[in-house]
Amino acid sequence: MPDRPLPYGLPTDPAKRHSAALTDGPDRAPARAMLKAIGFTDDDLARPLIGVATTWIETMPCNWNQRELAEQVKAGIRAAGGTPMEFDTIAISDGVSMGTEGMKASLVSREVIADSIELVARGHLFDGLVCLVGCDKTIPAAVMALGRLDIPGVVLYNGTILPGRFRGRDVTVQTVFEAVGAYEAGTMSGQDLWELENVACPGAGACGGQFTANTMSTALEFLGISPAGLNGIPAPFPEKLEAARTTGELAVRLVREDVRPRSIVTRQALENAVASVAATGGSTNGLLHLLAIAREFGVPLTIDEFGEIADRTPILADLVPGGRFVALDIHRAGGVALVMRELLKRDLLHGDARTVDGRTIAEVASAVHETPGQEVVRPIDRPLKERGGLTILHGSLAPDGCVIKLAGHERRQFRGPARVFDSEEASFAAVKARQIQPGDCVVIRYEGPAGGPGMREMLHVTAALVGEGLGDSIALLTDGRFSGATHGLMIGHVAPEAALGGPIALVRDGDPIVIDVDRHAVDLDVPPDELERRRAAWQPPAPHYAGGVFAKYVALVSSASEGAVTDPGARRVAGATAIPGRG
């Protein structure tokens, strides 16, 4: 017999708003029996249940330290009076899969991760969530899940990798991608390439420039859903373990106070996040992911509104790939709150937006400690560029819009003949064969959300072009995506996509393509009657996959201009010809 009262009649902890239905009362004895089989006690089950979602996987360095961090998160949850329950979901390494068919899985994984977190949290009636994220798609996916669930939660980025050192200079995985192009061009030896690959990625953590992972990590601090200052701590630093414990403690506080994600991720918060992408010269994937997050939170945000915010936001952070410094450097300079502080000086942020740690963005910015003499973040009166790191273009080639990254190059106008490829593989073969000439506009199509499927990133191609010395003399246009490591006159997310009958499907070799950033325009200089003849002759391609996850994705995915979210009710392109078997 127990030496204390049975738990059946004890009052329920008011913070167990969801989990009481799972654990409390005589009729829940079978559930408690199963949970006790793995070590949970009556005391554990009387406390709020906090899910700890990790995306650990043995395919990349990006998420490699999450097992250690999860233990610290759980310790923090226990210390604060909650009971942690750890679970895992998937991740796909963009850097490893880049340039292969495997890259098609990357964007699809964002939806699977969000679905997985949502399912586990709903299935086990968690009272709150801590999500540990690393590689690119895990970050927006975790926030998307919180938007659906709207239970108290927080997202912690496991941190950037440290830069490698190659012959006296800092290097990243971007350096290796570009070195492949240099090797193909004969300007780098195989021995040098091999030595570089052995030192470029020295340990755990996500890719070290202001690529997609660090762009989204920054955005999450501006969004307020990550604890201020903790995302930016590099993965190998001991302070990251302390940050994980602090995050666990914070999660219990959020549960007790019933602070829900939808009270944090508001229209103002999303506008702050958009400004962070522009001000740091961040990845164009930030557009795709913030549109998706906005949709999951029920906040209206369009591709053009994103562009308007970016257009008025100067570039303040001198970060790779467009600048000189890596994520480690901005952490040492004082963190991304330095960018917040400078943007607030011109009212380019909503300073009264709340964050999960209880402070406002203005309070976070005012508390920042700047390292004397740092050169990573510029003062607002001396920006790197007066206008933001990306903008939105429309025109006869992209009626529903597309995105161009402006950081890292100065060109704003281009006119050149199209070199058309119907897959990434075909374009990369042409690059390897040195068939791309200065002045060409490389067009890579049928790589959109439905057409790829999965909207592959084109870093394999863009980095090789830069490595061959063509980065400043060509343009590239695709209905696919770009890695955050891409730089140059590169236009992605062209919508409608080719597979759904968008105008990019009608382009032929030699057609003049005109890009004018100042007019926010991208056009195909071909007479309308000729385009009509081509459209009449166009046939949609056959589906690449008859079943499985890719076929499900194609049936549900929306346009890139809407965030490429999976939604049973989404209409991908108004008036477009549907692909047979694809809805």
# chains A, B, ... in the order shown; residues from 1 in each chain; ligands from 1

call {"tool": "residues_around", "arguments": {"residues": "A:Gly471", "least_positions_apart": "3", "cutoff": "9 Å", "atoms": "only C-alpha atoms", "output": "list in words"}}
result
Pro438, Thr462, Ala463, Ala464, Leu465, Val466, Gly467, Glu468, Ile474, Ala475, His487, Gly488 and Leu489 of chain A

call {"tool": "residues_around", "arguments": {"residues": "A:Pro26", "least_positions_apart": "3", "cutoff": "12 Å", "atoms": "only C-alpha atoms", "output": "PyMOL selection string"}}
result
chain A and resi 6-10+20-23+29-33

call {"tool": "write_last_selection", "arguments": {"atoms": "N, CA and C atoms", "output": "PDB file, in the first residue's frame"}}
result
ATOM      1  N   LEU A   6      -3.415   8.123  -2.816  1.00  0.00           N
ATOM      2  CA  LEU A   6      -3.371   7.771  -4.229  1.00  0.00           C
ATOM      3  C   LEU A   6      -3.579   9.021  -5.082  1.00  0.00           C
ATOM      4  N   PRO A   7      -3.015   9.044  -6.280  1.00  0.00           N
ATOM      5  CA  PRO A   7      -3.114  10.262  -7.101  1.00  0.00           C
ATOM      6  C   PRO A   7      -4.487  10.495  -7.689  1.00  0.00           C
ATOM      7  N   TYR A   8      -5.406   9.521  -7.573  1.00  0.00           N
ATOM      8  CA  TYR A   8      -6.666   9.639  -8.286  1.00  0.00           C
ATOM      9  C   TYR A   8      -7.486  10.859  -7.882  1.00  0.00           C
ATOM     10  N   GLY A   9      -7.473  11.172  -6.605  1.00  0.00           N
ATOM     11  CA  GLY A   9      -8.339  12.250  -6.148  1.00  0.00           C
ATOM     12  C   GLY A   9      -7.625  13.562  -5.912  1.00  0.00           C
ATOM     13  N   LEU A  10      -6.327  13.599  -6.208  1.00  0.00           N
ATOM     14  CA  LEU A  10      -5.577  14.826  -5.967  1.00  0.00           C
ATOM     15  C   LEU A  10      -5.956  15.901  -6.974  1.00  0.00           C
ATOM     16  N   ALA A  20      -3.580  16.760 -18.465  1.00  0.00           N
ATOM     17  CA  ALA A  20      -4.429  16.160 -17.424  1.00  0.00           C
ATOM     18  C   ALA A  20      -5.342  15.096 -18.024  1.00  0.00           C
ATOM     19  N   ALA A  21      -5.792  15.332 -19.244  1.00  0.00           N
ATOM     20  CA  ALA A  21      -6.669  14.359 -19.901  1.00  0.00           C
ATOM     21  C   ALA A  21      -5.930  13.064 -20.230  1.00  0.00           C
ATOM     22  N   LEU A  22      -4.609  13.112 -20.240  1.00  0.00           N
ATOM     23  CA  LEU A  22      -3.792  11.940 -20.547  1.00  0.00           C
ATOM     24  C   LEU A  22      -3.406  11.169 -19.295  1.00  0.00           C
ATOM     25  N   THR A  23      -3.205  11.889 -18.175  1.00  0.00           N
ATOM     26  CA  THR A  23      -2.545  11.285 -17.014  1.00  0.00           C
ATOM     27  C   THR A  23      -3.388  11.211 -15.744  1.00  0.00           C
ATOM     28  N   ALA A  29      -5.273   4.999 -15.727  1.00  0.00           N
ATOM     29  CA  ALA A  29      -4.281   4.064 -15.178  1.00  0.00           C
ATOM     30  C   ALA A  29      -3.513   3.308 -16.260  1.00  0.00           C
ATOM     31  N   PRO A  30      -4.142   2.859 -17.366  1.00  0.00           N
ATOM     32  CA  PRO A  30      -3.354   2.181 -18.399  1.00  0.00           C
ATOM     33  C   PRO A  30      -2.262   3.069 -19.004  1.00  0.00           C
ATOM     34  N   ALA A  31      -2.590   4.348 -19.236  1.00  0.00           N
ATOM     35  CA  ALA A  31      -1.593   5.262 -19.779  1.00  0.00           C
ATOM     36  C   ALA A  31      -0.451   5.450 -18.796  1.00  0.00           C
ATOM     37  N   ARG A  32      -0.805   5.621 -17.514  1.00  0.00           N
ATOM     38  CA  ARG A  32       0.251   5.801 -16.515  1.00  0.00           C
ATOM     39  C   ARG A  32       1.108   4.545 -16.403  1.00  0.00           C
ATOM     40  N   ALA A  33       0.485   3.384 -16.511  1.00  0.00           N
ATOM     41  CA  ALA A  33       1.242   2.133 -16.436  1.00  0.00           C
ATOM     42  C   ALA A  33       2.305   2.079 -17.525  1.00  0.00           C
TER      43      ALA A  33
END

call {"tool": "residues_around", "arguments": {"residues": "stretch 503-505 of chain A", "least_positions_apart": "2", "cutoff": "10 Å", "atoms": "only C-alpha atoms", "output": "PDB file with C-alpha atoms, in the first residue's frame"}}
result
ATOM      1  CA  GLY A 395       6.931  40.950 -65.205  1.00  0.00           C
ATOM      2  CA  SER A 396       6.056  38.856 -68.195  1.00  0.00           C
ATOM      3  CA  LEU A 397       8.356  36.081 -66.960  1.00  0.00           C
ATOM      4  CA  ALA A 398       7.029  36.101 -63.401  1.00  0.00           C
ATOM      5  CA  PRO A 399       3.457  37.430 -63.194  1.00  0.00           C
ATOM      6  CA  VAL A 420      17.528  27.091 -71.222  1.00  0.00           C
ATOM      7  CA  ASP A 422      14.899  21.671 -68.064  1.00  0.00           C
ATOM      8  CA  VAL A 443      17.312  29.512 -67.178  1.00  0.00           C
ATOM      9  CA  ILE A 444      16.680  26.405 -65.062  1.00  0.00           C
ATOM     10  CA  ARG A 445      13.044  25.335 -65.063  1.00  0.00           C
ATOM     11  CA  TYR A 446      10.776  22.471 -64.040  1.00  0.00           C
ATOM     12  CA  LEU A 477      16.705  32.555 -63.465  1.00  0.00           C
ATOM     13  CA  THR A 478      14.854  29.564 -61.983  1.00  0.00           C
ATOM     14  CA  ASP A 479      11.546  28.402 -60.576  1.00  0.00           C
ATOM     15  CA  VAL A 494       9.735  32.337 -60.410  1.00  0.00           C
ATOM     16  CA  ALA A 495       5.944  31.986 -60.247  1.00  0.00           C
ATOM     17  CA  PRO A 496       3.910  30.537 -61.794  1.00  0.00           C
ATOM     18  CA  GLU A 497       6.371  27.680 -62.183  1.00  0.00           C
ATOM     19  CA  ALA A 498       7.078  25.954 -65.486  1.00  0.00           C
ATOM     20  CA  ALA A 499       5.366  22.674 -64.606  1.00  0.00           C
ATOM     21  CA  LEU A 500       2.085  24.534 -64.088  1.00  0.00           C
ATOM     22  CA  GLY A 501       2.300  26.418 -67.377  1.00  0.00           C
ATOM     23  CA  VAL A 507      11.384  30.461 -72.966  1.00  0.00           C
ATOM     24  CA  ARG A 508      13.660  29.189 -75.752  1.00  0.00           C
ATOM     25  CA  ASP A 523      10.634  40.267 -68.738  1.00  0.00           C
ATOM     26  CA  LEU A 524      10.898  38.023 -71.762  1.00  0.00           C
ATOM     27  CA  LEU A 531       4.320  33.398 -77.004  1.00  0.00           C
ATOM     28  CA  ARG A 534       4.323  28.469 -77.990  1.00  0.00           C
ATOM     29  CA  ARG A 535       1.654  28.185 -75.311  1.00  0.00           C
ATOM     30  CA  TRP A 538       3.135  23.395 -74.755  1.00  0.00           C
ATOM     31  CA  GLN A 539       2.358  20.143 -73.008  1.00  0.00           C
ATOM     32  CA  PRO A 540       2.629  19.617 -69.244  1.00  0.00           C
TER      33      PRO A 540
END

call {"tool": "closest_atom_pairs", "arguments": {"of": "stretch 218-324 of chain A", "to": "stretch 90-108 of chain A", "cutoff": "12 Å", "atoms": "only C-alpha atoms", "output": "CSV"}}
result
residue,atom,partner,partner_atom,distance
A:Asn285,CA,A:Leu107,CA,10.1
A:Leu288,CA,A:Leu107,CA,10.0
A:His289,CA,A:Leu107,CA,9.9
A:Ala292,CA,A:Leu107,CA,11.6

call {"tool": "select_by_dssp", "arguments": {"residues": "stretch 306-543 of chain A", "states": "helix (DSSP H, G or I)", "output": "PDB file with C-alpha atoms, in the first residue's frame"}}
result
ATOM      1  CA  PHE A 306       7.784  41.270 -47.954  1.00  0.00           C
ATOM      2  CA  GLY A 307       9.458  43.158 -50.798  1.00  0.00           C
ATOM      3  CA  GLU A 308       8.229  46.535 -49.569  1.00  0.00           C
ATOM      4  CA  ILE A 309       9.748  45.945 -46.132  1.00  0.00           C
ATOM      5  CA  ALA A 310      13.019  44.725 -47.639  1.00  0.00           C
ATOM      6  CA  ASP A 311      13.183  47.725 -49.977  1.00  0.00           C
ATOM      7  CA  ALA A 327      28.165  34.011 -37.818  1.00  0.00           C
ATOM      8  CA  LEU A 328      30.866  33.530 -35.182  1.00  0.00           C
ATOM      9  CA  ASP A 329      31.961  37.117 -35.814  1.00  0.00           C
ATOM     10  CA  ILE A 330      28.538  38.673 -35.274  1.00  0.00           C
ATOM     11  CA  HIS A 331      28.225  36.736 -32.024  1.00  0.00           C
ATOM     12  CA  ARG A 332      31.579  38.094 -30.861  1.00  0.00           C
ATOM     13  CA  ALA A 333      30.564  41.594 -31.960  1.00  0.00           C
ATOM     14  CA  ALA A 337      20.558  42.671 -31.192  1.00  0.00           C
ATOM     15  CA  LEU A 338      23.091  45.148 -32.615  1.00  0.00           C
ATOM     16  CA  VAL A 339      21.068  45.058 -35.836  1.00  0.00           C
ATOM     17  CA  MET A 340      17.876  45.564 -33.822  1.00  0.00           C
ATOM     18  CA  ARG A 341      19.380  48.605 -32.104  1.00  0.00           C
ATOM     19  CA  GLU A 342      20.385  50.257 -35.358  1.00  0.00           C
ATOM     20  CA  LEU A 343      17.096  49.598 -37.155  1.00  0.00           C
ATOM     21  CA  LEU A 344      15.151  51.037 -34.235  1.00  0.00           C
ATOM     22  CA  ILE A 361      12.357  44.046 -29.006  1.00  0.00           C
ATOM     23  CA  ALA A 362      13.265  47.565 -27.858  1.00  0.00           C
ATOM     24  CA  GLU A 363      14.282  46.265 -24.438  1.00  0.00           C
ATOM     25  CA  VAL A 364      16.389  43.525 -25.994  1.00  0.00           C
ATOM     26  CA  ALA A 365      18.104  46.062 -28.254  1.00  0.00           C
ATOM     27  CA  SER A 366      18.796  48.516 -25.434  1.00  0.00           C
ATOM     28  CA  GLU A 424      19.494  21.255 -62.597  1.00  0.00           C
ATOM     29  CA  GLU A 425      21.536  18.290 -63.840  1.00  0.00           C
ATOM     30  CA  ALA A 426      21.414  19.532 -67.440  1.00  0.00           C
ATOM     31  CA  SER A 427      22.548  22.997 -66.417  1.00  0.00           C
ATOM     32  CA  PHE A 428      25.406  21.698 -64.273  1.00  0.00           C
ATOM     33  CA  ALA A 429      26.621  19.511 -67.146  1.00  0.00           C
ATOM     34  CA  ALA A 430      26.757  22.599 -69.348  1.00  0.00           C
ATOM     35  CA  VAL A 431      28.666  24.521 -66.677  1.00  0.00           C
ATOM     36  CA  LYS A 432      31.172  21.685 -66.309  1.00  0.00           C
ATOM     37  CA  LEU A 459      24.076  26.164 -55.171  1.00  0.00           C
ATOM     38  CA  HIS A 460      25.792  23.338 -57.050  1.00  0.00           C
ATOM     39  CA  VAL A 461      25.291  25.359 -60.254  1.00  0.00           C
ATOM     40  CA  THR A 462      25.669  28.907 -58.948  1.00  0.00           C
ATOM     41  CA  ALA A 463      28.822  28.164 -56.978  1.00  0.00           C
ATOM     42  CA  ALA A 464      30.380  26.417 -59.972  1.00  0.00           C
ATOM     43  CA  LEU A 465      29.629  29.479 -62.142  1.00  0.00           C
ATOM     44  CA  VAL A 466      31.262  31.739 -59.558  1.00  0.00           C
ATOM     45  CA  GLY A 467      34.211  29.363 -59.319  1.00  0.00           C
ATOM     46  CA  ALA A 498       7.078  25.954 -65.486  1.00  0.00           C
ATOM     47  CA  ALA A 499       5.366  22.674 -64.606  1.00  0.00           C
ATOM     48  CA  LEU A 500       2.085  24.534 -64.088  1.00  0.00           C
ATOM     49  CA  PRO A 503       5.704  31.786 -68.768  1.00  0.00           C
ATOM     50  CA  ILE A 504       9.136  30.406 -67.847  1.00  0.00           C
ATOM     51  CA  ALA A 505       8.005  27.201 -69.615  1.00  0.00           C
ATOM     52  CA  LEU A 506       7.812  29.121 -72.913  1.00  0.00           C
ATOM     53  CA  PRO A 528       2.999  38.239 -77.563  1.00  0.00           C
ATOM     54  CA  ASP A 529       1.751  36.406 -80.672  1.00  0.00           C
ATOM     55  CA  GLU A 530       4.863  34.209 -80.670  1.00  0.00           C
ATOM     56  CA  LEU A 531       4.320  33.398 -77.004  1.00  0.00           C
ATOM     57  CA  GLU A 532       0.719  32.442 -77.744  1.00  0.00           C
ATOM     58  CA  ARG A 533       1.896  30.031 -80.441  1.00  0.00           C
ATOM     59  CA  ARG A 534       4.323  28.469 -77.990  1.00  0.00           C
ATOM     60  CA  ARG A 535       1.654  28.185 -75.311  1.00  0.00           C
ATOM     61  CA  ALA A 536      -0.702  26.410 -77.690  1.00  0.00           C
ATOM     62  CA  ALA A 537       2.028  23.842 -78.394  1.00  0.00           C
TER      63      ALA A 537
END

call {"tool": "select_by_dssp", "arguments": {"residues": "stretch 273-401 of chain A", "states": "strand (DSSP E)", "output": "MDAnalysis selection string"}}
result
chainID A and resid 390:395 398:401

call {"tool": "closest_residue", "arguments": {"among": "A:Ala551, A:Leu470, A:Ala37, A:Ala53", "to": "A:Gly451", "atoms": "only C-alpha atoms"}}
result
A:Ala551

call {"tool": "decode", "arguments": {"residues": "stretch 519-531 of chain A", "atoms": "all heavy atoms", "output": "short mmCIF file (atom, residue, chain, number, x, y, z; two decimals), in the first residue's frame"}}
result
data_model
loop_
_atom_site.label_atom_id
_atom_site.label_comp_id
_atom_site.auth_asym_id
_atom_site.auth_seq_id
_atom_site.Cartn_x
_atom_site.Cartn_y
_atom_site.Cartn_z
N ARG A 519 13.19 48.92 -61.62
CA ARG A 519 11.77 48.88 -62.00
C ARG A 519 11.06 47.66 -61.40
O ARG A 519 9.88 47.45 -61.65
CB ARG A 519 11.62 48.83 -63.52
CG ARG A 519 12.01 50.09 -64.24
CD ARG A 519 11.50 50.09 -65.69
NE ARG A 519 11.99 48.95 -66.46
CZ ARG A 519 11.22 47.93 -66.86
NH1 ARG A 519 9.93 47.90 -66.55
NH2 ARG A 519 11.74 46.93 -67.56
N HIS A 520 11.80 46.84 -60.64
CA HIS A 520 11.26 45.60 -60.08
C HIS A 520 10.66 44.73 -61.19
O HIS A 520 9.56 44.18 -61.05
CB HIS A 520 10.19 45.89 -59.01
CG HIS A 520 10.74 46.51 -57.77
ND1 HIS A 520 10.95 47.87 -57.64
CD2 HIS A 520 11.16 45.97 -56.60
CE1 HIS A 520 11.46 48.14 -56.45
NE2 HIS A 520 11.60 46.99 -55.80
N ALA A 521 11.41 44.59 -62.29
CA ALA A 521 10.87 43.94 -63.47
C ALA A 521 11.80 42.84 -63.98
O ALA A 521 13.03 42.96 -63.95
CB ALA A 521 10.64 44.96 -64.58
N VAL A 522 11.18 41.76 -64.46
CA VAL A 522 11.89 40.71 -65.18
C VAL A 522 10.99 40.27 -66.33
O VAL A 522 9.87 39.81 -66.12
CB VAL A 522 12.26 39.52 -64.26
CG1 VAL A 522 11.05 38.93 -63.55
CG2 VAL A 522 12.99 38.44 -65.04
N ASP A 523 11.48 40.45 -67.56
CA ASP A 523 10.63 40.27 -68.74
C ASP A 523 11.31 39.42 -69.81
O ASP A 523 12.54 39.39 -69.93
CB ASP A 523 10.27 41.63 -69.33
CG ASP A 523 9.33 42.43 -68.44
OD1 ASP A 523 8.24 41.92 -68.13
OD2 ASP A 523 9.71 43.53 -68.01
N LEU A 524 10.48 38.77 -70.59
CA LEU A 524 10.90 38.02 -71.76
C LEU A 524 10.57 38.87 -72.98
O LEU A 524 9.40 39.17 -73.24
CB LEU A 524 10.15 36.68 -71.81
CG LEU A 524 10.45 35.75 -72.97
CD1 LEU A 524 11.91 35.32 -72.96
CD2 LEU A 524 9.54 34.53 -72.91
N ASP A 525 11.58 39.28 -73.71
CA ASP A 525 11.40 40.20 -74.84
C ASP A 525 11.09 39.41 -76.11
O ASP A 525 11.90 39.30 -77.03
CB ASP A 525 12.66 41.05 -75.02
CG ASP A 525 12.44 42.20 -76.00
OD1 ASP A 525 11.28 42.40 -76.43
OD2 ASP A 525 13.43 42.89 -76.35
N VAL A 526 9.89 38.84 -76.13
CA VAL A 526 9.41 38.05 -77.25
C VAL A 526 7.99 38.54 -77.56
O VAL A 526 7.19 38.77 -76.65
CB VAL A 526 9.39 36.54 -76.90
CG1 VAL A 526 8.73 35.73 -78.00
CG2 VAL A 526 10.81 36.04 -76.66
N PRO A 527 7.64 38.71 -78.85
CA PRO A 527 6.30 39.22 -79.20
C PRO A 527 5.19 38.36 -78.62
O PRO A 527 5.30 37.13 -78.58
CB PRO A 527 6.30 39.17 -80.74
CG PRO A 527 7.74 39.24 -81.12
CD PRO A 527 8.48 38.52 -80.04
N PRO A 528 4.11 38.98 -78.18
CA PRO A 528 3.00 38.24 -77.56
C PRO A 528 2.42 37.16 -78.47
O PRO A 528 2.05 36.07 -77.99
CB PRO A 528 1.96 39.33 -77.26
CG PRO A 528 2.77 40.59 -77.13
CD PRO A 528 3.90 40.44 -78.09
N ASP A 529 2.33 37.42 -79.79
CA ASP A 529 1.75 36.41 -80.67
C ASP A 529 2.63 35.16 -80.75
O ASP A 529 2.13 34.03 -80.85
CB ASP A 529 1.48 36.98 -82.06
CG ASP A 529 2.72 37.56 -82.72
OD1 ASP A 529 3.72 37.80 -82.01
OD2 ASP A 529 2.70 37.77 -83.94
N GLU A 530 3.96 35.35 -80.68
CA GLU A 530 4.86 34.21 -80.67
C GLU A 530 4.70 33.41 -79.38
O GLU A 530 4.70 32.17 -79.39
CB GLU A 530 6.31 34.67 -80.82
CG GLU A 530 7.37 33.60 -80.59
CD GLU A 530 7.27 32.42 -81.56
OE1 GLU A 530 6.64 32.59 -82.63
OE2 GLU A 530 7.81 31.35 -81.25
N LEU A 531 4.53 34.10 -78.26
CA LEU A 531 4.32 33.40 -77.00
C LEU A 531 3.02 32.62 -77.02
O LEU A 531 2.94 31.51 -76.47
CB LEU A 531 4.33 34.39 -75.83
CG LEU A 531 5.68 35.02 -75.49
CD1 LEU A 531 5.54 35.99 -74.32
CD2 LEU A 531 6.72 33.96 -75.16
#
